[in-house]
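*Asks:* My structure is stored as run_25.pdb, with PDB, C-alpha atoms.
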```pdb
ATOM      1  CA  MET A   1      93.453  72.288 112.129
ATOM      2  CA  LYS A   2      97.177  71.815 112.532
ATOM      3  CA  GLY A   3      98.552  68.377 113.385
ATOM      4  CA  ILE A   4     101.513  66.086 112.936
ATOM      5  CA  ILE A   5     101.974  62.302 112.978
ATOM      6  CA  CYS A   6     105.121  60.478 114.090
ATOM      7  CA  SER A   7     105.886  56.809 114.900
ATOM      8  CA  LEU A   8     108.636  57.525 117.486
ATOM      9  CA  GLU A   9     108.009  57.843 121.224
ATOM     10  CA  LYS A  10     110.863  59.917 122.665
ATOM     11  CA  SER A  11     109.690  62.742 124.936
ATOM     12  CA  PRO A  12     112.119  65.395 123.615
ATOM     13  CA  LEU A  13     110.942  64.566 120.105
ATOM     14  CA  ILE A  14     107.331  65.200 121.105
ATOM     15  CA  ASP A  15     108.173  68.767 122.067
ATOM     16  CA  ASP A  16     109.942  69.248 118.730
ATOM     17  CA  LEU A  17     106.929  67.897 116.856
ATOM     18  CA  VAL A  18     104.547  70.223 118.689
ATOM     19  CA  ASP A  19     106.759  73.179 117.788
ATOM     20  CA  LYS A  20     106.882  72.009 114.177
ATOM     21  CA  ALA A  21     103.100  71.724 113.979
ATOM     22  CA  ARG A  22     102.647  75.179 115.487
ATOM     23  CA  ALA A  23     105.141  76.648 113.024
ATOM     24  CA  TRP A  24     103.238  75.373 109.968
ATOM     25  CA  LYS A  25     101.948  78.398 108.046
ATOM     26  CA  GLY A  26      98.795  76.694 106.800
ATOM     27  CA  LEU A  27      97.258  76.497 103.334
ATOM     28  CA  VAL A  28      96.928  80.199 102.494
ATOM     29  CA  ASP A  29      99.157  81.120  99.531
ATOM     30  CA  LEU A  30     100.152  77.478  99.133
ATOM     31  CA  ASP A  31     100.064  76.010  95.600
ATOM     32  CA  ILE A  32      99.760  72.237  95.958
ATOM     33  CA  ALA A  33      98.243  71.661  92.511
ATOM     34  CA  LYS A  34     101.714  71.801  90.939
ATOM     35  CA  ASP A  35     102.784  68.865  93.119
ATOM     36  CA  VAL A  36      99.831  66.568  92.353
ATOM     37  CA  THR A  37      99.120  67.319  88.701
ATOM     38  CA  CYS A  38     100.096  64.955  85.900
ATOM     39  CA  LYS A  39     103.495  65.470  84.283
ATOM     40  CA  LYS A  40     102.280  65.358  80.691
ATOM     41  CA  PRO A  41      98.970  65.199  78.775
ATOM     42  CA  TYR A  42      97.223  61.868  78.309
ATOM     43  CA  ILE A  43      94.023  60.543  76.782
ATOM     44  CA  TRP A  44      91.718  58.976  79.349
ATOM     45  CA  ASP A  45      89.338  56.142  78.508
ATOM     46  CA  ASP A  46      88.529  53.703  81.317
ATOM     47  CA  GLN A  47      88.519  50.228  79.802
ATOM     48  CA  SER A  48      86.611  48.885  82.805
ATOM     49  CA  ALA A  49      83.711  51.264  82.252
ATOM     50  CA  ASP A  50      80.264  50.179  81.141
ATOM     51  CA  LYS A  51      80.480  49.026  77.531
ATOM     52  CA  ASN A  52      77.151  50.744  76.843
ATOM     53  CA  VAL A  53      78.582  54.246  77.185
ATOM     54  CA  PRO A  54      77.574  56.572  74.342
ATOM     55  CA  GLU A  55      79.726  57.432  71.379
ATOM     56  CA  LYS A  56      82.305  60.171  71.889
ATOM     57  CA  SER A  57      80.423  63.238  70.711
ATOM     58  CA  PHE A  58      82.317  65.981  72.572
ATOM     59  CA  LYS A  59      86.025  66.705  72.893
ATOM     60  CA  VAL A  60      86.870  67.859  76.410
ATOM     61  CA  ILE A  61      90.181  69.104  77.785
ATOM     62  CA  ALA A  62      90.412  68.360  81.532
ATOM     63  CA  TYR A  63      92.851  70.369  83.630
ATOM     64  CA  ASP A  64      94.381  68.161  86.315
ATOM     65  CA  PHE A  65      94.698  70.005  89.644
ATOM     66  CA  GLY A  66      94.396  66.709  91.551
ATOM     67  CA  ILE A  67      91.683  65.082  89.469
ATOM     68  CA  LYS A  68      89.577  62.110  90.576
ATOM     69  CA  TYR A  69      89.083  59.316  88.078
ATOM     70  CA  ASN A  70      85.387  59.067  88.913
ATOM     71  CA  ILE A  71      84.889  62.569  87.511
ATOM     72  CA  LEU A  72      86.448  61.374  84.273
ATOM     73  CA  ARG A  73      84.118  58.368  84.284
ATOM     74  CA  ILE A  74      81.119  60.706  84.584
ATOM     75  CA  LEU A  75      82.335  62.806  81.662
ATOM     76  CA  ARG A  76      82.886  59.683  79.591
ATOM     77  CA  SER A  77      79.355  58.481  80.425
ATOM     78  CA  LEU A  78      78.069  61.709  78.861
ATOM     79  CA  GLY A  79      79.795  60.997  75.568
ATOM     80  CA  CYS A  80      82.984  62.981  76.103
ATOM     81  CA  ALA A  81      86.374  62.172  74.622
ATOM     82  CA  ILE A  82      88.777  63.346  77.334
ATOM     83  CA  THR A  83      92.339  64.609  77.200
ATOM     84  CA  VAL A  84      93.828  65.330  80.634
ATOM     85  CA  VAL A  85      96.451  68.090  80.746
ATOM     86  CA  PRO A  86      98.852  69.401  83.441
ATOM     87  CA  ALA A  87      97.819  72.336  85.615
ATOM     88  CA  SER A  88     100.342  74.611  83.907
ATOM     89  CA  THR A  89      98.970  74.084  80.382
ATOM     90  CA  SER A  90      98.559  77.379  78.521
ATOM     91  CA  ALA A  91      95.347  78.616  76.944
ATOM     92  CA  HIS A  92      97.121  78.582  73.574
ATOM     93  CA  ASP A  93      97.861  74.859  73.867
ATOM     94  CA  VAL A  94      94.272  74.123  74.896
ATOM     95  CA  LEU A  95      92.707  76.103  72.062
ATOM     96  CA  ALA A  96      95.079  74.465  69.573
ATOM     97  CA  GLN A  97      93.246  71.185  70.257
ATOM     98  CA  LYS A  98      89.892  72.800  69.374
ATOM     99  CA  PRO A  99      87.904  71.348  72.281
ATOM    100  CA  ASP A 100      84.139  71.525  72.674
ATOM    101  CA  GLY A 101      84.630  72.320  76.353
ATOM    102  CA  VAL A 102      87.199  72.687  79.133
ATOM    103  CA  PHE A 103      86.879  71.021  82.537
ATOM    104  CA  LEU A 104      88.682  72.367  85.652
ATOM    105  CA  SER A 105      89.169  69.608  88.208
ATOM    106  CA  ASN A 106      89.153  69.380  91.964
ATOM    107  CA  GLY A 107      92.419  69.657  93.876
ATOM    108  CA  PRO A 108      94.144  70.784  97.103
ATOM    109  CA  GLY A 109      95.542  74.090  98.330
ATOM    110  CA  ASP A 110      94.797  77.796  97.948
ATOM    111  CA  PRO A 111      93.201  78.577  94.560
ATOM    112  CA  ALA A 112      94.615  82.119  94.545
ATOM    113  CA  ALA A 113      98.138  80.647  94.574
ATOM    114  CA  VAL A 114      97.571  78.795  91.281
ATOM    115  CA  THR A 115      98.213  81.988  89.336
ATOM    116  CA  TYR A 116      99.279  80.315  86.076
ATOM    117  CA  ALA A 117      95.989  78.411  85.846
ATOM    118  CA  ILE A 118      93.938  81.498  86.682
ATOM    119  CA  GLU A 119      95.603  83.374  83.836
ATOM    120  CA  ALA A 120      95.110  80.487  81.396
ATOM    121  CA  VAL A 121      91.417  80.199  82.272
ATOM    122  CA  ARG A 122      90.996  83.967  81.970
ATOM    123  CA  GLN A 123      92.278  83.720  78.401
ATOM    124  CA  LEU A 124      89.875  80.853  77.661
ATOM    125  CA  ILE A 125      86.741  82.662  78.833
ATOM    126  CA  GLY A 126      84.504  83.560  75.910
ATOM    127  CA  LYS A 127      86.365  81.248  73.564
ATOM    128  CA  VAL A 128      85.246  77.860  74.877
ATOM    129  CA  PRO A 129      82.666  76.588  77.415
ATOM    130  CA  ILE A 130      84.202  75.971  80.871
ATOM    131  CA  PHE A 131      82.978  73.874  83.808
ATOM    132  CA  GLY A 132      84.813  73.629  87.138
ATOM    133  CA  ILE A 133      84.359  71.755  90.401
ATOM    134  CA  CYS A 134      85.916  72.359  93.844
ATOM    135  CA  LEU A 135      89.350  73.937  93.254
ATOM    136  CA  GLY A 136      88.393  74.313  89.591
ATOM    137  CA  HIS A 137      85.259  76.176  90.683
ATOM    138  CA  GLN A 138      87.366  78.591  92.709
ATOM    139  CA  ILE A 139      89.940  79.054  89.925
ATOM    140  CA  LEU A 140      87.150  79.847  87.456
ATOM    141  CA  GLY A 141      85.719  82.362  89.922
ATOM    142  CA  LEU A 142      89.114  84.064  90.230
ATOM    143  CA  ALA A 143      89.507  84.129  86.449
ATOM    144  CA  MET A 144      86.099  85.833  86.226
ATOM    145  CA  GLY A 145      87.308  88.580  88.558
ATOM    146  CA  ALA A 146      86.174  87.244  91.925
ATOM    147  CA  LYS A 147      88.078  87.046  95.188
ATOM    148  CA  THR A 148      88.450  83.894  97.282
ATOM    149  CA  TYR A 149      88.990  83.478 101.004
ATOM    150  CA  LYS A 150      89.772  80.741 103.475
ATOM    151  CA  LEU A 151      86.733  79.446 105.338
ATOM    152  CA  LYS A 152      86.864  79.705 109.129
ATOM    153  CA  PHE A 153      85.505  76.178 109.236
ATOM    154  CA  GLY A 154      86.295  74.200 106.086
ATOM    155  CA  HIS A 155      83.648  71.988 104.539
ATOM    156  CA  ARG A 156      84.825  68.472 105.377
ATOM    157  CA  GLY A 157      83.056  65.131 105.338
ATOM    158  CA  ALA A 158      79.387  64.339 104.839
ATOM    159  CA  ASN A 159      76.043  65.931 105.700
ATOM    160  CA  HIS A 160      76.516  69.386 104.178
ATOM    161  CA  PRO A 161      73.104  70.716 103.051
ATOM    162  CA  VAL A 162      73.333  72.610  99.758
ATOM    163  CA  LYS A 163      70.370  74.335  98.122
ATOM    164  CA  CYS A 164      70.029  74.599  94.357
ATOM    165  CA  LEU A 165      68.650  78.111  93.899
ATOM    166  CA  GLU A 166      67.160  77.238  90.502
ATOM    167  CA  THR A 167      64.958  74.380  91.712
ATOM    168  CA  GLY A 168      64.789  74.945  95.473
ATOM    169  CA  GLN A 169      65.932  71.379  96.045
ATOM    170  CA  ILE A 170      68.305  70.664  98.923
ATOM    171  CA  ALA A 171      70.995  68.007  98.571
ATOM    172  CA  ILE A 172      72.924  66.466 101.454
ATOM    173  CA  THR A 173      76.461  66.483 100.106
ATOM    174  CA  SER A 174      79.941  65.215 100.872
ATOM    175  CA  GLN A 175      82.630  67.901 100.648
ATOM    176  CA  ASN A 176      86.329  68.499 101.179
ATOM    177  CA  HIS A 177      87.472  72.071 100.641
ATOM    178  CA  GLY A 178      88.691  74.984 102.753
ATOM    179  CA  PHE A 179      88.326  77.983 100.413
ATOM    180  CA  CYS A 180      85.338  79.809  98.984
ATOM    181  CA  VAL A 181      84.465  82.224  96.184
ATOM    182  CA  ASP A 182      83.304  85.600  97.513
ATOM    183  CA  ILE A 183      80.128  85.981  95.461
ATOM    184  CA  ASP A 184      79.839  89.657  96.468
ATOM    185  CA  SER A 185      83.065  90.354  94.583
ATOM    186  CA  LEU A 186      81.225  89.409  91.368
ATOM    187  CA  LYS A 187      78.322  91.849  91.813
ATOM    188  CA  GLU A 188      79.433  93.932  88.838
ATOM    189  CA  LYS A 189      79.612  90.842  86.607
ATOM    190  CA  ALA A 190      76.824  88.966  84.828
ATOM    191  CA  VAL A 191      77.281  86.073  87.230
ATOM    192  CA  LYS A 192      74.667  84.424  89.409
ATOM    193  CA  MET A 193      75.074  82.114  92.373
ATOM    194  CA  THR A 194      73.478  78.740  91.670
ATOM    195  CA  HIS A 195      74.095  76.808  94.915
ATOM    196  CA  LEU A 196      74.078  77.922  98.550
ATOM    197  CA  ASN A 197      75.535  76.141 101.587
ATOM    198  CA  LEU A 198      72.818  76.159 104.244
ATOM    199  CA  ASN A 199      75.254  75.716 107.146
ATOM    200  CA  ASP A 200      77.225  78.935 106.647
ATOM    201  CA  HIS A 201      75.436  80.572 103.670
ATOM    202  CA  THR A 202      78.549  80.504 101.485
ATOM    203  CA  CYS A 203      78.642  80.147  97.714
ATOM    204  CA  GLU A 204      78.725  76.570  96.432
ATOM    205  CA  GLY A 205      78.155  77.260  92.733
ATOM    206  CA  LEU A 206      78.077  80.033  90.141
ATOM    207  CA  GLU A 207      77.108  80.494  86.516
ATOM    208  CA  ASP A 208      77.507  82.882  83.581
ATOM    209  CA  ALA A 209      75.237  81.332  80.968
ATOM    210  CA  ALA A 210      76.033  83.946  78.312
ATOM    211  CA  GLN A 211      79.701  82.934  78.317
ATOM    212  CA  LYS A 212      78.914  79.248  78.950
ATOM    213  CA  LEU A 213      80.622  79.129  82.347
ATOM    214  CA  PHE A 214      79.472  76.931  85.226
ATOM    215  CA  ALA A 215      81.187  75.888  88.435
ATOM    216  CA  CYS A 216      80.248  74.072  91.617
ATOM    217  CA  ASN A 217      81.934  73.000  94.855
ATOM    218  CA  ILE A 218      79.962  69.766  94.959
ATOM    219  CA  ILE A 219      79.652  66.815  92.605
ATOM    220  CA  PRO A 220      76.291  67.321  90.872
ATOM    221  CA  LYS A 221      73.705  64.576  90.656
ATOM    222  CA  PRO A 222      73.021  63.154  87.161
ATOM    223  CA  ARG A 223      70.085  65.524  86.637
ATOM    224  CA  ARG A 224      72.340  68.543  87.173
ATOM    225  CA  VAL A 225      75.121  67.009  85.106
ATOM    226  CA  ARG A 226      72.767  66.927  82.149
ATOM    227  CA  THR A 227      72.093  70.641  82.701
ATOM    228  CA  ILE A 228      75.829  71.294  82.793
ATOM    229  CA  ARG A 229      76.226  69.418  79.557
ATOM    230  CA  GLY A 230      73.594  71.634  77.940
ATOM    231  CA  ILE A 231      75.176  74.839  79.225
ATOM    232  CA  CYS A 232      78.734  73.981  78.333
ATOM    233  CA  LEU A 233      78.747  71.723  75.311
ATOM    234  CA  LYS A 234      75.555  72.191  73.327
ATOM    235  CA  ASN A 235      74.799  74.602  70.482
ATOM    236  CA  LEU A 236      78.397  75.713  69.902
TER     237      LEU A 236
END
```
Is it possible to give me this structure as structure tokens?
*Replies:*
Amino acid sequence: MKGIICSLEKSPLIDDLVDKARAWKGLVDLDIAKDVTCKKPYIWDDQSADKNVPEKSFKVIAYDFGIKYNILRILRSLGCAITVVPASTSAHDVLAQKPDGVFLSNGPGDPAAVTYAIEAVRQLIGKVPIFGICLGHQILGLAMGAKTYKLKFGHRGANHPVKCLETGQIAITSQNHGFCVDIDSLKEKAVKMTHLNLNDHTCEGLEDAAQKLFACNIIPKPRRVRTIRGICLKNL
């Protein structure tokens, strides 16, 4: 939905603002990740976190497309040592750090416009386990050969029912994204859909276990996080 906010009250200005809102081209083909990503790599370790967190057993590189600190806290709670890197980081630079896994974060904008990240992830596939959420989920899908599209009605706010196809369980989730992976575009790949949105029957998660790839549009509950950990970081 297009909109604009202004603190002035002049009538001629209102007409100008309406025209400006109508002229906005929207999010398609818009790369916002480059504007919100970190400027340089940094090591993340929340000093306020629970002191009983496990030892750092896994080295994870986290791509920052607009990352939320709570995601980093979850990774740390699973025993991960985390280095956050800018969205434009090359596959070569990631592999040089010899990580146990790569995490693709959430973020705004059209995933198809983040071409540099798609190419980097494509080069990482098969060489290191990869897990993505939200925008990272869509970027991983594109790197696997999928297509993405803009949802007619974006998934915003709470009360989105999502079914885990592995267990049959339905979670009521909170979401904030406007694009989706076209699961049909991956029919020729060894990829399965793992989560289904019950409102519009769109793809909320996908997996290629053979290549240790997993992605989801929602933040998994702890039980699913443990499964992700097993898929992505174990038995390397």
*Asks:* Using Å and a single decimal, report how far atom CA of A:Ser7 sits from atom CA of A:Trp24.
*Replies:*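 Atom CA of A:Trp24 sits 19.4 Å away from atom CA of A:Ser7.
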*Asks:* Please provide the set of residues having any atom within 10 Å of A:Lys147, restricted to only C-alpha atoms, with same-chain residues fewer than 4 positions apart removed, written as number ranges by chain.
*Replies:* A: 111-112, 138-139, 141-143, 180-186
*Asks:* Counting only C-alpha atoms, which residue out of A:Asn70, A:Thr202, A:Gln175, A:Thr83 sits closest to A:Phe103?
*Replies:*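 So, comparing all the options, the nearest one is A:Thr83.
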*Asks:* When distances are computed from all atoms listed in the file, which of A:Ala209, A:Val191, A:Ala87, A:Leu27 shows the smallest separation from A:Phe179?
*Replies:*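 Among the listed residues, the smallest separation from A:Phe179 belongs to A:Leu27.
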*Asks:* What is the atom CA of A:Thr89 to atom CA of A:Tyr63 distance in Å?
*Replies:*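 According to the coordinates, atom CA of A:Thr89 and atom CA of A:Tyr63 are separated by 7.9 Å.
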*Asks:* For A:Pro161, which residue among A:Asn197, A:Gln211, A:Thr148, A:Ser88 is the nearest when counting all atoms listed in the file?
*Replies:*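 Of the candidates, the smallest distance to A:Pro161 is held by A:Asn197.
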*Asks:* Which distance in Å separates atom CA of A:Val36 and atom CA of A:Leu8, to one decimal?
*Replies:*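 One can read the atom CA of A:Val36 to atom CA of A:Leu8 distance as 28.1 Å.
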*Asks:* Tell me, as a ChimeraX atom specification, which residues lie within 8 Å of A:Asn176, counting only C-alpha atoms; anything in the same chain fewer than 4 positions away does not count.
*Replies:* /A:154-157
*Asks:* So which one's closest to A:Ile32, A:Gly205, A:Gly178, A:Pro108, A:Pro129? Using all atoms listed in the file, please.
*Replies:* A:Pro108
*Asks:* I would like the residues chosen by the PyMOL selection byres ((chain A and resi 91-102) around 7) on the shown file; could you give them as a ChimeraX atom specification?
*Replies:* /A:58-62,89-90,103-104,120-121,123-124,128-131,232-233
*Asks:* Can you sort out stretch 121-149 of chain A so it carries N, CA and C atoms, written as a tab-separated table (two decimals), keeping the file's coordinate frame?
*Replies:*
```tsv
chain	number	residue	atom	x	y	z
A	121	VAL	N	92.88	80.25	82.33
A	121	VAL	CA	91.42	80.20	82.27
A	121	VAL	C	90.85	81.55	81.85
A	122	ARG	N	91.45	82.63	82.35
A	122	ARG	CA	91.00	83.97	81.97
A	122	ARG	C	91.08	84.15	80.45
A	123	GLN	N	92.11	83.61	79.85
A	123	GLN	CA	92.28	83.72	78.40
A	123	GLN	C	91.33	82.80	77.63
A	124	LEU	N	90.80	81.78	78.32
A	124	LEU	CA	89.88	80.85	77.66
A	124	LEU	C	88.43	81.33	77.71
A	125	ILE	N	88.12	82.20	78.66
A	125	ILE	CA	86.74	82.66	78.83
A	125	ILE	C	86.25	83.37	77.57
A	126	GLY	N	85.08	82.98	77.11
A	126	GLY	CA	84.50	83.56	75.91
A	126	GLY	C	84.91	82.84	74.64
A	127	LYS	N	85.89	81.96	74.75
A	127	LYS	CA	86.36	81.25	73.56
A	127	LYS	C	85.95	79.78	73.56
A	128	VAL	N	85.62	79.26	74.76
A	128	VAL	CA	85.25	77.86	74.88
A	128	VAL	C	84.43	77.70	76.16
A	129	PRO	N	83.41	76.83	76.18
A	129	PRO	CA	82.67	76.59	77.42
A	129	PRO	C	83.58	76.01	78.50
A	130	ILE	N	83.35	76.41	79.76
A	130	ILE	CA	84.20	75.97	80.87
A	130	ILE	C	83.32	75.53	82.03
A	131	PHE	N	83.67	74.40	82.63
A	131	PHE	CA	82.98	73.87	83.81
A	131	PHE	C	84.02	73.49	84.84
A	132	GLY	N	83.86	73.96	86.08
A	132	GLY	CA	84.81	73.63	87.14
A	132	GLY	C	84.14	73.08	88.38
A	133	ILE	N	84.84	72.23	89.11
A	133	ILE	CA	84.36	71.76	90.40
A	133	ILE	C	85.44	71.98	91.45
A	134	CYS	N	85.02	72.25	92.69
A	134	CYS	CA	85.92	72.36	93.84
A	134	CYS	C	87.02	73.38	93.57
A	135	LEU	N	88.28	72.98	93.55
A	135	LEU	CA	89.35	73.94	93.25
A	135	LEU	C	89.15	74.57	91.88
A	136	GLY	N	88.67	73.78	90.92
A	136	GLY	CA	88.39	74.31	89.59
A	136	GLY	C	87.30	75.37	89.62
A	137	HIS	N	86.31	75.18	90.48
A	137	HIS	CA	85.26	76.18	90.68
A	137	HIS	C	85.85	77.49	91.17
A	138	GLN	N	86.76	77.39	92.13
A	138	GLN	CA	87.37	78.59	92.71
A	138	GLN	C	88.30	79.28	91.71
A	139	ILE	N	89.05	78.49	90.94
A	139	ILE	CA	89.94	79.05	89.92
A	139	ILE	C	89.13	79.77	88.85
A	140	LEU	N	88.01	79.18	88.44
A	140	LEU	CA	87.15	79.85	87.46
A	140	LEU	C	86.61	81.16	88.03
A	141	GLY	N	86.19	81.13	89.29
A	141	GLY	CA	85.72	82.36	89.92
A	141	GLY	C	86.78	83.45	89.90
A	142	LEU	N	88.01	83.10	90.24
A	142	LEU	CA	89.11	84.06	90.23
A	142	LEU	C	89.37	84.59	88.82
A	143	ALA	N	89.29	83.71	87.83
A	143	ALA	CA	89.51	84.13	86.45
A	143	ALA	C	88.41	85.07	85.97
A	144	MET	N	87.21	84.96	86.58
A	144	MET	CA	86.10	85.83	86.23
A	144	MET	C	86.17	87.18	86.94
A	145	GLY	N	87.14	87.32	87.84
A	145	GLY	CA	87.31	88.58	88.56
A	145	GLY	C	86.91	88.54	90.01
A	146	ALA	N	86.58	87.37	90.53
A	146	ALA	CA	86.17	87.24	91.92
A	146	ALA	C	87.38	87.21	92.86
A	147	LYS	N	87.08	87.28	94.14
A	147	LYS	CA	88.08	87.05	95.19
A	147	LYS	C	87.71	85.74	95.89
A	148	THR	N	88.70	85.08	96.46
A	148	THR	CA	88.45	83.89	97.28
A	148	THR	C	89.01	84.13	98.68
A	149	TYR	N	88.51	83.35	99.63
A	149	TYR	CA	88.99	83.48	101.00
A	149	TYR	C	88.95	82.11	101.67
```
